[in-house]
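Source file: my_file-v4.cif. Holds: mmCIF, C-alpha atoms and all ligand atoms.
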```cif
data_my_file
#
loop_
_atom_site.label_atom_id
_atom_site.label_comp_id
_atom_site.auth_asym_id
_atom_site.auth_seq_id
_atom_site.Cartn_x
_atom_site.Cartn_y
_atom_site.Cartn_z
CA MET O 1 86.15 104.07 122.42
CA ILE O 2 89.41 106.00 122.20
CA LEU O 3 92.85 104.39 122.45
CA SER O 4 95.93 106.59 122.68
CA VAL O 5 99.30 105.96 121.13
CA ASP O 6 101.94 107.72 123.21
CA LEU O 7 104.93 108.57 121.03
CA LYS O 8 106.04 111.88 122.58
CA GLY O 9 105.85 114.43 119.70
CA ASN O 10 104.07 111.93 117.44
CA SER O 11 101.24 110.86 119.76
CA TYR O 12 97.74 110.32 118.41
CA ASP O 13 94.33 108.87 119.18
CA ILE O 14 92.53 105.94 117.62
CA HIS O 15 88.76 106.41 117.60
CA ILE O 16 86.71 103.22 117.31
CA LYS O 17 82.96 103.56 116.86
CA ARG O 18 80.35 102.14 114.55
CA GLY O 19 79.14 104.98 112.28
CA ILE O 20 82.05 107.30 113.13
CA LEU O 21 82.83 108.02 109.45
CA LYS O 22 79.57 109.99 109.33
CA ASP O 23 80.30 111.67 112.63
CA LEU O 24 84.01 112.49 112.66
CA PRO O 25 85.47 113.78 115.92
CA GLY O 26 86.19 117.53 116.12
CA THR O 27 89.93 116.87 116.44
CA VAL O 28 90.01 115.63 112.84
CA ASP O 29 90.58 118.87 110.94
CA LEU O 30 89.30 118.47 107.39
CA ASP O 31 88.48 122.14 106.88
CA ARG O 32 91.22 122.53 104.25
CA LYS O 33 92.41 120.79 101.07
CA VAL O 34 92.00 117.07 101.67
CA LEU O 35 93.50 114.46 99.37
CA ILE O 36 91.43 111.32 99.88
CA VAL O 37 93.14 108.13 98.68
CA THR O 38 90.92 105.10 98.19
CA ASP O 39 90.85 102.14 95.81
CA SER O 40 88.43 100.82 93.21
CA GLY O 41 87.24 97.96 95.45
CA VAL O 42 86.31 100.11 98.45
CA PRO O 43 82.61 101.03 98.37
CA GLU O 44 82.53 104.64 97.16
CA ILE O 45 80.14 105.67 99.91
CA TYR O 46 83.01 105.72 102.44
CA SER O 47 85.24 108.16 100.53
CA ARG O 48 82.22 110.26 99.53
CA THR O 49 81.14 110.46 103.17
CA VAL O 50 84.60 111.73 104.15
CA ALA O 51 84.64 114.11 101.16
CA SER O 52 81.29 115.57 102.21
CA ARG O 53 82.87 116.55 105.51
CA SER O 54 85.98 118.08 103.94
CA GLY O 55 86.62 121.71 103.00
CA GLU O 56 88.18 121.11 99.57
CA PRO O 57 88.23 117.37 98.87
CA VAL O 58 90.12 115.73 96.01
CA ILE O 59 89.50 112.00 95.68
CA VAL O 60 92.10 109.74 94.03
CA THR O 61 90.92 106.17 93.38
CA VAL O 62 93.78 103.76 92.62
CA PRO O 63 93.13 100.28 91.20
CA GLU O 64 92.42 97.78 93.97
CA GLY O 65 95.19 95.37 94.91
CA GLU O 66 98.82 95.20 95.99
CA GLY O 67 99.96 96.43 92.55
CA SER O 68 98.93 99.94 93.58
CA LYS O 69 101.61 100.07 96.26
CA SER O 70 103.95 101.23 93.53
CA ILE O 71 106.23 104.10 92.66
CA ARG O 72 103.89 104.79 89.72
CA GLU O 73 100.83 105.38 91.94
CA PHE O 74 103.00 107.23 94.46
CA GLU O 75 104.13 109.63 91.71
CA HIS O 76 100.58 109.93 90.36
CA ILE O 77 99.21 110.99 93.76
CA LEU O 78 102.03 113.48 94.36
CA LYS O 79 101.34 115.01 90.94
CA VAL O 80 97.64 115.35 91.77
CA MET O 81 98.58 117.15 94.99
CA LEU O 82 100.94 119.41 93.11
CA SER O 83 98.37 120.20 90.43
CA HIS O 84 95.84 121.17 93.12
CA SER O 85 98.48 123.33 94.84
CA PHE O 86 98.45 121.40 98.09
CA SER O 87 100.51 123.17 100.74
CA ARG O 88 102.07 122.05 103.99
CA LYS O 89 98.84 123.11 105.76
CA ASP O 90 96.72 120.59 103.84
CA CYS O 91 96.28 116.89 104.52
CA VAL O 92 95.98 113.36 103.16
CA VAL O 93 93.33 110.84 104.23
CA ALA O 94 93.43 107.12 103.46
CA VAL O 95 90.01 105.47 103.14
CA GLY O 96 90.43 101.74 102.53
CA GLY O 97 92.60 98.82 103.53
CA GLY O 98 96.33 98.46 104.01
CA VAL O 99 97.06 99.19 100.35
CA PRO O 100 95.66 102.73 100.21
CA GLY O 101 96.80 103.20 103.82
CA ASP O 102 100.46 102.36 103.18
CA LEU O 103 100.47 104.27 99.88
CA ALA O 104 98.70 107.40 101.12
CA GLY O 105 100.81 107.45 104.28
CA PHE O 106 104.00 107.43 102.23
CA CYS O 107 102.65 110.23 100.02
CA ALA O 108 101.83 112.28 103.14
CA ALA O 109 105.29 111.56 104.57
CA SER O 110 107.00 112.69 101.37
CA TYR O 111 105.00 115.63 100.05
CA MET O 112 106.76 118.82 101.15
CA ARG O 113 108.69 116.62 103.63
CA GLY O 114 105.52 115.65 105.45
CA ILE O 115 101.94 116.89 105.73
CA ASP O 116 99.13 115.78 108.05
CA PHE O 117 97.85 112.26 107.53
CA TYR O 118 94.64 110.62 108.78
CA ASN O 119 94.05 106.91 108.38
CA MET O 120 90.45 105.67 108.07
CA PRO O 121 90.83 101.90 107.64
CA THR O 122 87.95 99.90 106.15
CA THR O 123 89.31 96.32 106.14
CA LEU O 124 89.70 94.25 109.28
CA LEU O 125 93.40 93.80 108.57
CA SER O 126 93.92 97.54 108.46
CA GLN O 127 91.70 98.11 111.52
CA VAL O 128 93.57 95.63 113.73
CA ASP O 129 97.05 96.27 112.41
CA SER O 130 98.29 98.32 109.47
CA SER O 131 96.60 101.66 110.25
CA VAL O 132 98.48 101.97 113.53
CA GLY O 133 102.23 102.21 114.01
CA GLY O 134 103.29 104.57 111.25
CA LYS O 135 104.79 102.15 108.75
CA THR O 136 104.17 103.49 105.26
CA ALA O 137 105.61 102.04 102.06
CA VAL O 138 105.42 101.02 98.43
CA ASN O 139 106.90 97.94 96.76
CA LEU O 140 109.72 97.92 94.21
CA ASP O 141 110.89 95.20 91.83
CA GLY O 142 108.69 92.64 93.54
CA ILE O 143 110.08 93.40 96.99
CA LYS O 144 107.40 94.36 99.47
CA ASN O 145 107.58 97.59 101.42
CA ILE O 146 111.17 98.23 100.38
CA VAL O 147 110.67 101.99 99.91
CA GLY O 148 108.90 103.85 102.66
CA ALA O 149 109.03 105.84 105.88
CA PHE O 150 107.98 105.71 109.50
CA TYR O 151 105.31 108.39 109.56
CA GLN O 152 102.63 108.50 112.23
CA PRO O 153 99.07 109.59 111.42
CA LYS O 154 97.43 112.52 113.22
CA ALA O 155 94.52 110.23 114.10
CA VAL O 156 93.08 106.86 113.14
CA ILE O 157 89.32 106.58 112.63
CA ILE O 158 87.95 103.04 112.79
CA ASP O 159 84.35 102.44 111.80
CA PRO O 160 83.61 98.72 112.35
CA GLY O 161 80.42 99.30 110.33
CA THR O 162 82.56 99.31 107.17
CA LEU O 163 83.20 95.60 107.75
CA ASP O 164 79.56 94.90 106.83
CA THR O 165 80.54 95.18 103.15
CA LEU O 166 83.81 93.25 103.45
CA PRO O 167 83.86 89.79 101.82
CA GLU O 168 84.23 86.87 104.25
CA ARG O 169 87.65 85.88 102.97
CA GLN O 170 88.91 89.42 103.59
CA LEU O 171 87.51 89.20 107.11
CA ALA O 172 89.53 86.01 107.70
CA ASN O 173 92.55 87.82 106.27
CA GLY O 174 92.22 90.39 109.04
CA TYR O 175 91.57 87.80 111.72
CA ALA O 176 94.98 86.32 110.86
CA GLU O 177 96.77 89.49 111.96
CA ALA O 178 94.67 89.73 115.14
CA LEU O 179 95.45 86.07 115.83
CA LYS O 180 99.12 86.94 115.42
CA MET O 181 98.86 89.51 118.24
CA SER O 182 97.00 86.99 120.39
CA VAL O 183 99.56 84.22 119.94
CA THR O 184 102.54 86.45 120.73
CA SER O 185 101.02 88.56 123.46
CA ASP O 186 97.38 88.08 124.59
CA SER O 187 95.93 84.68 125.44
CA SER O 188 92.55 86.26 126.32
CA LEU O 189 92.24 87.47 122.73
CA PHE O 190 93.15 83.98 121.51
CA GLU O 191 90.38 82.52 123.66
CA ILE O 192 87.81 84.67 121.84
CA PHE O 193 88.93 83.03 118.59
CA GLU O 194 88.99 79.62 120.22
CA ASN O 195 85.64 79.72 122.01
CA GLU O 196 83.44 82.37 120.38
CA ASP O 197 82.34 83.80 117.05
CA PRO O 198 84.84 86.68 116.76
CA LEU O 199 82.45 88.70 114.57
CA LEU O 200 80.06 88.97 117.51
CA HIS O 201 82.91 90.52 119.52
CA ILE O 202 84.50 92.51 116.74
CA GLU O 203 85.04 95.72 118.70
CA THR O 204 86.75 93.76 121.49
CA VAL O 205 88.89 91.92 118.93
CA ILE O 206 89.95 95.25 117.36
CA GLU O 207 90.60 96.82 120.77
CA LYS O 208 92.64 93.93 122.14
CA ALA O 209 94.70 93.51 118.95
CA LEU O 210 95.43 97.23 118.82
CA LYS O 211 96.41 97.32 122.49
CA VAL O 212 99.10 94.73 121.72
CA LYS O 213 100.28 96.72 118.72
CA ILE O 214 100.23 100.04 120.60
CA SER O 215 102.22 98.64 123.50
CA VAL O 216 104.90 97.29 121.16
CA VAL O 217 105.05 100.43 118.99
CA GLU O 218 105.27 102.69 122.06
CA GLN O 219 108.32 100.78 123.25
CA ASP O 220 109.98 100.50 119.85
CA GLU O 221 108.60 102.96 117.29
CA LYS O 222 111.22 102.25 114.60
CA GLU O 223 111.64 98.48 114.87
CA ARG O 224 115.03 98.37 116.51
CA GLY O 225 114.14 95.33 118.62
CA LEU O 226 110.85 94.47 120.33
CA ARG O 227 108.71 95.61 117.37
CA ARG O 228 110.02 92.59 115.48
CA ILE O 229 107.53 90.46 117.41
CA LEU O 230 104.87 91.96 115.14
CA ASN O 231 106.64 90.07 112.35
CA PHE O 232 105.56 86.74 113.82
CA GLY O 233 104.60 84.65 110.79
CA HIS O 234 105.99 87.23 108.38
CA THR O 235 109.51 85.86 107.77
CA ILE O 236 108.15 82.88 105.88
CA GLY O 237 104.79 84.57 105.20
CA HIS O 238 106.40 87.24 103.00
CA GLY O 239 108.26 84.50 101.10
CA ILE O 240 104.98 82.70 100.50
CA GLU O 241 103.34 85.98 99.46
CA SER O 242 106.03 86.57 96.82
CA CYS O 243 105.45 83.08 95.40
CA ALA O 244 101.66 83.43 95.55
CA GLY O 245 101.56 86.34 93.09
CA GLY O 246 98.28 87.57 94.57
CA GLU O 247 96.67 84.13 94.82
CA LEU O 248 96.80 84.26 98.63
CA TYR O 249 96.09 87.33 100.73
CA HIS O 250 98.67 88.85 103.06
CA GLY O 251 96.97 87.55 106.22
CA GLU O 252 96.61 84.08 104.71
CA CYS O 253 100.35 83.96 104.01
CA VAL O 254 101.07 85.18 107.53
CA ALA O 255 98.74 82.49 108.90
CA VAL O 256 100.73 79.75 107.16
CA GLY O 257 103.97 81.44 108.23
CA MET O 258 102.81 81.46 111.88
CA LEU O 259 102.29 77.70 111.86
CA ALA O 260 105.90 77.27 110.74
CA MET O 261 107.13 79.22 113.78
CA SER O 262 104.86 77.56 116.36
CA SER O 263 105.57 74.73 118.77
CA LYS O 264 103.49 71.56 118.54
CA GLU O 265 101.34 72.81 121.42
CA VAL O 266 100.62 76.17 119.77
CA ARG O 267 99.92 74.52 116.41
CA SER O 268 97.45 72.14 117.98
CA ARG O 269 95.43 75.10 119.27
CA LEU O 270 95.83 77.13 116.07
CA LEU O 271 94.68 74.49 113.61
CA PRO O 272 91.03 74.27 114.78
CA VAL O 273 90.86 78.07 114.86
CA TYR O 274 92.15 78.25 111.26
CA GLU O 275 89.53 75.72 110.26
CA LYS O 276 86.81 77.78 111.91
CA LEU O 277 87.99 81.01 110.26
CA GLY O 278 88.72 79.49 106.84
CA LEU O 279 92.47 80.19 106.93
CA PRO O 280 94.93 78.00 105.01
CA VAL O 281 97.15 75.60 106.97
CA SER O 282 99.69 75.00 104.20
CA CYS O 283 100.64 76.19 100.75
CA ARG O 284 101.50 74.48 97.51
CA TYR O 285 104.55 76.44 96.41
CA ALA O 286 107.97 74.81 96.17
CA ALA O 287 109.88 75.13 99.45
CA GLN O 288 112.99 76.20 97.51
CA ASP O 289 111.10 79.09 95.88
CA ILE O 290 109.75 80.25 99.23
CA PHE O 291 113.24 80.05 100.70
CA SER O 292 114.71 82.14 97.84
CA ALA O 293 111.95 84.71 98.26
CA CYS O 294 112.62 84.89 102.03
CA MET O 295 116.27 85.63 101.30
CA HIS O 296 115.22 88.63 99.26
CA ASP O 297 113.05 89.94 102.07
CA LYS O 298 114.29 93.18 103.50
CA LYS O 299 114.22 91.89 107.07
CA SER O 300 117.17 89.67 106.30
CA SER O 301 120.67 90.91 106.89
CA GLY O 302 123.51 88.91 105.42
CA ALA O 303 123.30 85.17 105.96
CA ARG O 304 121.28 85.47 109.16
CA VAL O 305 117.68 86.21 109.97
CA SER O 306 115.84 87.34 113.09
CA ALA O 307 112.74 85.19 113.40
CA VAL O 308 109.90 85.15 115.93
CA PHE O 309 108.71 81.89 117.50
CA SER O 310 105.95 80.93 119.91
CA ASP O 311 106.04 77.95 122.27
CA ARG O 312 102.97 78.96 124.25
CA ILE O 313 99.85 80.99 123.40
CA GLY O 314 100.36 84.54 124.69
CA SER O 315 104.14 84.52 124.51
CA CYS O 316 106.96 84.57 121.97
CA TYR O 317 110.69 84.95 121.58
CA ILE O 318 113.06 86.24 118.89
CA LYS O 319 115.84 84.02 117.61
CA ASP O 320 118.75 85.07 115.45
CA MET O 321 119.46 82.18 113.13
CA ASP O 322 121.13 81.01 109.92
CA PHE O 323 119.05 81.35 106.82
CA GLU O 324 119.39 77.65 106.15
CA SER O 325 117.56 76.92 109.41
CA LEU O 326 114.42 78.26 107.73
CA ILE O 327 114.35 75.33 105.30
CA PRO O 328 112.86 72.66 107.61
CA LEU O 329 110.38 75.26 108.90
CA ILE O 330 109.26 76.06 105.35
CA ASP O 331 109.07 72.33 104.63
CA SER O 332 106.69 71.91 107.55
CA VAL O 333 104.05 74.13 105.88
CA THR O 334 104.37 73.14 102.26
CA GLU O 335 101.54 70.97 101.04
CA GLY O 336 100.60 67.92 103.02
CA ARG O 337 103.04 68.46 105.88
CA THR O 338 101.21 70.38 108.56
CA SER O 339 100.05 67.96 111.22
N1 LIG Q 401 101.77 99.37 107.56
C1 LIG Q 401 101.73 98.26 108.27
O1 LIG Q 401 102.12 98.23 109.43
C2 LIG Q 401 101.15 97.01 107.65
C3 LIG Q 401 100.84 95.91 108.45
C4 LIG Q 401 100.24 94.80 107.85
C5 LIG Q 401 99.96 94.81 106.49
N2 LIG Q 401 100.29 95.90 105.75
C6 LIG Q 401 100.00 95.95 104.32
O2 LIG Q 401 98.59 95.99 104.15
C7 LIG Q 401 98.26 95.50 102.85
C8 LIG Q 401 97.09 94.56 102.95
O3 LIG Q 401 96.00 95.26 103.47
P1 LIG Q 401 94.50 94.77 103.26
O4 LIG Q 401 94.42 93.35 103.56
O5 LIG Q 401 93.63 95.73 103.97
O6 LIG Q 401 94.35 94.86 101.66
P2 LIG Q 401 93.66 95.89 100.66
O7 LIG Q 401 93.89 97.28 101.06
O8 LIG Q 401 94.12 95.48 99.31
O9 LIG Q 401 92.10 95.56 100.83
C9 LIG Q 401 91.61 94.30 100.46
C10 LIG Q 401 90.43 94.39 99.49
O10 LIG Q 401 89.29 94.81 100.21
C11 LIG Q 401 88.65 95.87 99.49
N3 LIG Q 401 87.95 96.66 100.52
C12 LIG Q 401 88.50 97.53 101.39
N4 LIG Q 401 87.59 97.93 102.28
C13 LIG Q 401 86.42 97.34 101.95
C14 LIG Q 401 85.12 97.34 102.51
N5 LIG Q 401 84.84 98.00 103.63
N6 LIG Q 401 84.16 96.62 101.90
C15 LIG Q 401 84.44 95.87 100.78
N7 LIG Q 401 85.66 95.80 100.22
C16 LIG Q 401 86.65 96.53 100.81
C17 LIG Q 401 89.75 96.54 98.73
O11 LIG Q 401 89.26 97.20 97.61
C18 LIG Q 401 90.63 95.37 98.36
O12 LIG Q 401 90.17 94.77 97.18
C19 LIG Q 401 99.52 94.82 102.31
O13 LIG Q 401 100.10 95.67 101.34
C20 LIG Q 401 100.43 94.75 103.53
O14 LIG Q 401 101.80 94.82 103.20
C21 LIG Q 401 100.87 97.00 106.30
#
```
Re-express the file's structure as structure tokens.
Ligand SMILES: NC(=O)c1ccc[n+]([C@@H]2O[C@H](COP(=O)([O-])OP(=O)(O)OC[C@H]3O[C@@H](n4cnc5c(N)ncnc54)[C@H](O)[C@@H]3O)[C@@H](O)[C@H]2O)c1
Amino acid sequence: MILSVDLKGNSYDIHIKRGILKDLPGTVDLDRKVLIVTDSGVPEIYSRTVASRSGEPVIVTVPEGEGSKSIREFEHILKVMLSHSFSRKDCVVAVGGGVPGDLAGFCAASYMRGIDFYNMPTTLLSQVDSSVGGKTAVNLDGIKNIVGAFYQPKAVIIDPGTLDTLPERQLANGYAEALKMSVTSDSSLFEIFENEDPLLHIETVIEKALKVKISVVEQDEKERGLRRILNFGHTIGHGIESCAGGELYHGECVAVGMLAMSSKEVRSRLLPVYEKLGLPVSCRYAAQDIFSACMHDKKSSGARVSAVFSDRIGSCYIKDMDFESLIPLIDSVTEGRTS
């Protein structure tokens, strides 16, 4: 299946097919120097498969985990490119989840002011969300994604077969972002989570989630308005993630954050789905710490915050509010207060 992202000069295709890593489409031009960025937790077979199809591959394996979205790894990769005399005609490929994807994308955006970038996501989270839309970034001083660029890939290659090696908890982590799209924009996707085993419909889940993302990104590539709906669950989720120090995954934090922004009706449909998928319904960090972390989040401006809410599955709205109004919402998802 091919989905197209229509962004005028920055348009690209997303190819979704089991086994596609071994059978890359002709439009993916790897007959040149190819810097493949992966991490130590991604089964090596995926990067080696891509390397075997590349003209002059150079593989950089960063340590797995959020810590690699750093200026240090960014600099390291740029130095590798420099030492191999990469030119503007060469390219960067990310093979892995959102961490190598965001990092490699930012390297591609920066090296010689931008060289071709292909994203080949291997986690569910990156397949349903982070590989599409052109947000690339690293973290700085504990603040997520604070240094980065909007930089669209030349193509996205999604091989759902790579999910066979993904641990179950990581699968649930990805489901959380797909659920996010369903709650804000697609009740038919939500019904798959509600009534079926989503793994049996994984290609449909990926397709439907990406269609939501594509539609939003096409209307608002640089997050001036509508694209904020993709931050549903993230306002408080990012605060939780800062407090969690790696204990909870990104999608798990977003899942808890979504509950905080949902009406009673939406929560009552979300909770059984969380239970089925193994997603957390609350967290045990102090509400005050989460609040402080939210205030440091880059999406805040001054004393006000733009937050996304849902009153009904399949729809959402954005509300500009005082920071203090977040406190009761955070309270509602700190331990023992979620029903
Ligand atoms: N750019 C965006 O629009 C966007 C959107 C959402 C999230 N993100 C970012 O994405 C990141 C999270 O992404 P993630 O959840 O993919 O995390 P990740 O990249 O850290 O991957 C999770 C773990 O799975 C391992 N892994 C990857 N593929 C595997 C496979 N096929 N089999 C077995 N193990 C595998 C990795 O080694 C890692 O340990 C965060 O940094 C978040 O900020 C970015």
Checklist entry - Contacts of stretch 80-87 of chain O at 8 Å or less, counting all atoms listed in the file, minus same-chain residues fewer than 2 places along, as a ChimeraX atom specification? => result /O:33,35,76-78,89-90,112
Include C-alpha atoms and write out the residues we just selected as a PDB file, in the frame of the given file.
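Result saved to selection.pdb:
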```pdb
ATOM      1  CA  LYS O  33      92.410 120.790 101.070  1.00  0.00           C
ATOM      2  CA  LEU O  35      93.500 114.460  99.370  1.00  0.00           C
ATOM      3  CA  HIS O  76     100.580 109.930  90.360  1.00  0.00           C
ATOM      4  CA  ILE O  77      99.210 110.990  93.760  1.00  0.00           C
ATOM      5  CA  LEU O  78     102.030 113.480  94.360  1.00  0.00           C
ATOM      6  CA  LYS O  89      98.840 123.110 105.760  1.00  0.00           C
ATOM      7  CA  ASP O  90      96.720 120.590 103.840  1.00  0.00           C
ATOM      8  CA  MET O 112     106.760 118.820 101.150  1.00  0.00           C
TER       9      MET O 112
END
```
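With all atoms listed in the file as the atoms that count, the residue of O:Cys243, O:Leu179, O:Ala303, O:Val62 with the shortest distance to O:Leu271 is O:Leu179.
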Using 7 Å as the limit and counting all atoms listed in the file, can you tabulate each residue of chain O that touches ligand LIG 401 (chain Q), with its shortest atom-to-atom distance in Å and the two atoms involved, as JSON lines?
```
{"residue": "O:Asp39", "atom": "CA", "partner": "Q:LIG401", "partner_atom": "O11", "distance": 5.5}
{"residue": "O:Ser40", "atom": "CA", "partner": "Q:LIG401", "partner_atom": "O11", "distance": 5.8}
{"residue": "O:Gly41", "atom": "CA", "partner": "Q:LIG401", "partner_atom": "O11", "distance": 3.1}
{"residue": "O:Val42", "atom": "CA", "partner": "Q:LIG401", "partner_atom": "O11", "distance": 4.2}
{"residue": "O:Pro43", "atom": "CA", "partner": "Q:LIG401", "partner_atom": "N6", "distance": 5.9}
{"residue": "O:Glu64", "atom": "CA", "partner": "Q:LIG401", "partner_atom": "O11", "distance": 4.9}
{"residue": "O:Gly65", "atom": "CA", "partner": "Q:LIG401", "partner_atom": "O8", "distance": 4.5}
{"residue": "O:Glu66", "atom": "CA", "partner": "Q:LIG401", "partner_atom": "O13", "distance": 5.5}
{"residue": "O:Lys69", "atom": "CA", "partner": "Q:LIG401", "partner_atom": "O13", "distance": 6.9}
{"residue": "O:Gly96", "atom": "CA", "partner": "Q:LIG401", "partner_atom": "N4", "distance": 4.8}
{"residue": "O:Gly97", "atom": "CA", "partner": "Q:LIG401", "partner_atom": "O7", "distance": 3.2}
{"residue": "O:Gly98", "atom": "CA", "partner": "Q:LIG401", "partner_atom": "O3", "distance": 3.3}
{"residue": "O:Val99", "atom": "CA", "partner": "Q:LIG401", "partner_atom": "O7", "distance": 3.8}
{"residue": "O:Pro100", "atom": "CA", "partner": "Q:LIG401", "partner_atom": "O7", "distance": 5.8}
{"residue": "O:Asp102", "atom": "CA", "partner": "Q:LIG401", "partner_atom": "N1", "distance": 5.5}
{"residue": "O:Thr122", "atom": "CA", "partner": "Q:LIG401", "partner_atom": "N4", "distance": 4.4}
{"residue": "O:Thr123", "atom": "CA", "partner": "Q:LIG401", "partner_atom": "N4", "distance": 4.5}
{"residue": "O:Leu124", "atom": "CA", "partner": "Q:LIG401", "partner_atom": "O5", "distance": 6.8}
{"residue": "O:Leu125", "atom": "CA", "partner": "Q:LIG401", "partner_atom": "O5", "distance": 5.0}
{"residue": "O:Ser126", "atom": "CA", "partner": "Q:LIG401", "partner_atom": "O5", "distance": 4.8}
{"residue": "O:Asp129", "atom": "CA", "partner": "Q:LIG401", "partner_atom": "C3", "distance": 5.5}
{"residue": "O:Ser130", "atom": "CA", "partner": "Q:LIG401", "partner_atom": "C2", "distance": 3.6}
{"residue": "O:Ser131", "atom": "CA", "partner": "Q:LIG401", "partner_atom": "N1", "distance": 6.3}
{"residue": "O:Val132", "atom": "CA", "partner": "Q:LIG401", "partner_atom": "O1", "distance": 6.6}
{"residue": "O:Gly133", "atom": "CA", "partner": "Q:LIG401", "partner_atom": "O1", "distance": 6.1}
{"residue": "O:Gly134", "atom": "CA", "partner": "Q:LIG401", "partner_atom": "N1", "distance": 6.6}
{"residue": "O:Lys135", "atom": "CA", "partner": "Q:LIG401", "partner_atom": "N1", "distance": 4.3}
{"residue": "O:Thr136", "atom": "CA", "partner": "Q:LIG401", "partner_atom": "N1", "distance": 5.3}
{"residue": "O:Lys144", "atom": "CA", "partner": "Q:LIG401", "partner_atom": "O14", "distance": 6.7}
{"residue": "O:Asn145", "atom": "CA", "partner": "Q:LIG401", "partner_atom": "O14", "distance": 6.7}
{"residue": "O:Thr162", "atom": "CA", "partner": "Q:LIG401", "partner_atom": "N5", "distance": 4.4}
{"residue": "O:Leu163", "atom": "CA", "partner": "Q:LIG401", "partner_atom": "N5", "distance": 5.0}
{"residue": "O:Asp164", "atom": "CA", "partner": "Q:LIG401", "partner_atom": "N5", "distance": 6.9}
{"residue": "O:Thr165", "atom": "CA", "partner": "Q:LIG401", "partner_atom": "N6", "distance": 4.1}
{"residue": "O:Leu166", "atom": "CA", "partner": "Q:LIG401", "partner_atom": "N6", "distance": 3.7}
{"residue": "O:Pro167", "atom": "CA", "partner": "Q:LIG401", "partner_atom": "C15", "distance": 6.2}
{"residue": "O:Gln170", "atom": "CA", "partner": "Q:LIG401", "partner_atom": "O10", "distance": 6.4}
{"residue": "O:Asn173", "atom": "CA", "partner": "Q:LIG401", "partner_atom": "O4", "distance": 6.4}
{"residue": "O:Gly174", "atom": "CA", "partner": "Q:LIG401", "partner_atom": "O4", "distance": 6.6}
{"residue": "O:Tyr249", "atom": "CA", "partner": "Q:LIG401", "partner_atom": "O4", "distance": 6.9}
{"residue": "O:His250", "atom": "CA", "partner": "Q:LIG401", "partner_atom": "C8", "distance": 5.9}
{"residue": "O:Gly251", "atom": "CA", "partner": "Q:LIG401", "partner_atom": "O4", "distance": 6.9}
```
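For O:Leu279, the non-local neighbours within 9 Å, defined as residues at least 6 positions apart in the same chain or in other chains and counting all atoms listed in the file, are Arg169, Ala172, Asn173, Ala176, Gly251, Glu252, Ala255, Val256 and Val273 of chain O.
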Contacts of stretch 198-296 of chain O with stretch 304-327 of chain O up to 9 Å, shortest pair per row, only C-alpha atoms, as JSON lines:
```
{"residue": "O:Leu226", "atom": "CA", "partner": "O:Ile318", "partner_atom": "CA", "distance": 8.6}
{"residue": "O:Arg228", "atom": "CA", "partner": "O:Val308", "partner_atom": "CA", "distance": 7.5}
{"residue": "O:Ile229", "atom": "CA", "partner": "O:Val308", "partner_atom": "CA", "distance": 6.0}
{"residue": "O:Leu230", "atom": "CA", "partner": "O:Val308", "partner_atom": "CA", "distance": 8.5}
{"residue": "O:Asn231", "atom": "CA", "partner": "O:Val308", "partner_atom": "CA", "distance": 6.9}
{"residue": "O:Phe232", "atom": "CA", "partner": "O:Val308", "partner_atom": "CA", "distance": 5.1}
{"residue": "O:Gly233", "atom": "CA", "partner": "O:Val308", "partner_atom": "CA", "distance": 7.4}
{"residue": "O:His234", "atom": "CA", "partner": "O:Ala307", "partner_atom": "CA", "distance": 8.7}
{"residue": "O:Thr235", "atom": "CA", "partner": "O:Ala307", "partner_atom": "CA", "distance": 6.5}
{"residue": "O:Ile236", "atom": "CA", "partner": "O:Leu326", "partner_atom": "CA", "distance": 8.0}
{"residue": "O:Met258", "atom": "CA", "partner": "O:Phe309", "partner_atom": "CA", "distance": 8.2}
{"residue": "O:Ala260", "atom": "CA", "partner": "O:Phe309", "partner_atom": "CA", "distance": 8.7}
{"residue": "O:Met261", "atom": "CA", "partner": "O:Phe309", "partner_atom": "CA", "distance": 4.8}
{"residue": "O:Ser262", "atom": "CA", "partner": "O:Ser310", "partner_atom": "CA", "distance": 5.0}
{"residue": "O:Ser263", "atom": "CA", "partner": "O:Asp311", "partner_atom": "CA", "distance": 4.8}
{"residue": "O:Lys264", "atom": "CA", "partner": "O:Asp311", "partner_atom": "CA", "distance": 7.8}
{"residue": "O:Glu265", "atom": "CA", "partner": "O:Arg312", "partner_atom": "CA", "distance": 7.0}
{"residue": "O:Val266", "atom": "CA", "partner": "O:Arg312", "partner_atom": "CA", "distance": 5.8}
{"residue": "O:Arg269", "atom": "CA", "partner": "O:Ile313", "partner_atom": "CA", "distance": 8.4}
{"residue": "O:Ala287", "atom": "CA", "partner": "O:Ile327", "partner_atom": "CA", "distance": 7.4}
{"residue": "O:Gln288", "atom": "CA", "partner": "O:Ile327", "partner_atom": "CA", "distance": 8.0}
{"residue": "O:Phe291", "atom": "CA", "partner": "O:Ile327", "partner_atom": "CA", "distance": 6.7}
{"residue": "O:Cys294", "atom": "CA", "partner": "O:Phe323", "partner_atom": "CA", "distance": 8.8}
{"residue": "O:Met295", "atom": "CA", "partner": "O:Phe323", "partner_atom": "CA", "distance": 7.5}
```
Tell me which protein, DNA and RNA residues are within 12 Å of O:Met120, counting all atoms listed in the file, leaving out same-chain ones fewer than 6 positions away, and put them as a PyMOL selection string. chain O and resi 14-17+20-22+24+28+36-38+42+46-47+49-50+92-98+100-102+104-105+126-128+130-132+153-160+162
Notebook entry, point to check: Residues at most 8 Å from O:Ala293, counting only C-alpha atoms, excluding those fewer than 6 positions away in the same chain, as a PyMOL selection string?
Noted result: chain O and resi 238-240+242-243
Print the selection's residues with C-alpha atoms to a file, as a short mmCIF file (atom, residue, chain, number, x, y, z; two decimals), keeping the file's coordinate frame.
```cif
data_model
loop_
_atom_site.label_atom_id
_atom_site.label_comp_id
_atom_site.auth_asym_id
_atom_site.auth_seq_id
_atom_site.Cartn_x
_atom_site.Cartn_y
_atom_site.Cartn_z
CA HIS O 238 106.40 87.24 103.00
CA GLY O 239 108.26 84.50 101.10
CA ILE O 240 104.98 82.70 100.50
CA SER O 242 106.03 86.57 96.82
CA CYS O 243 105.45 83.08 95.40
#
```
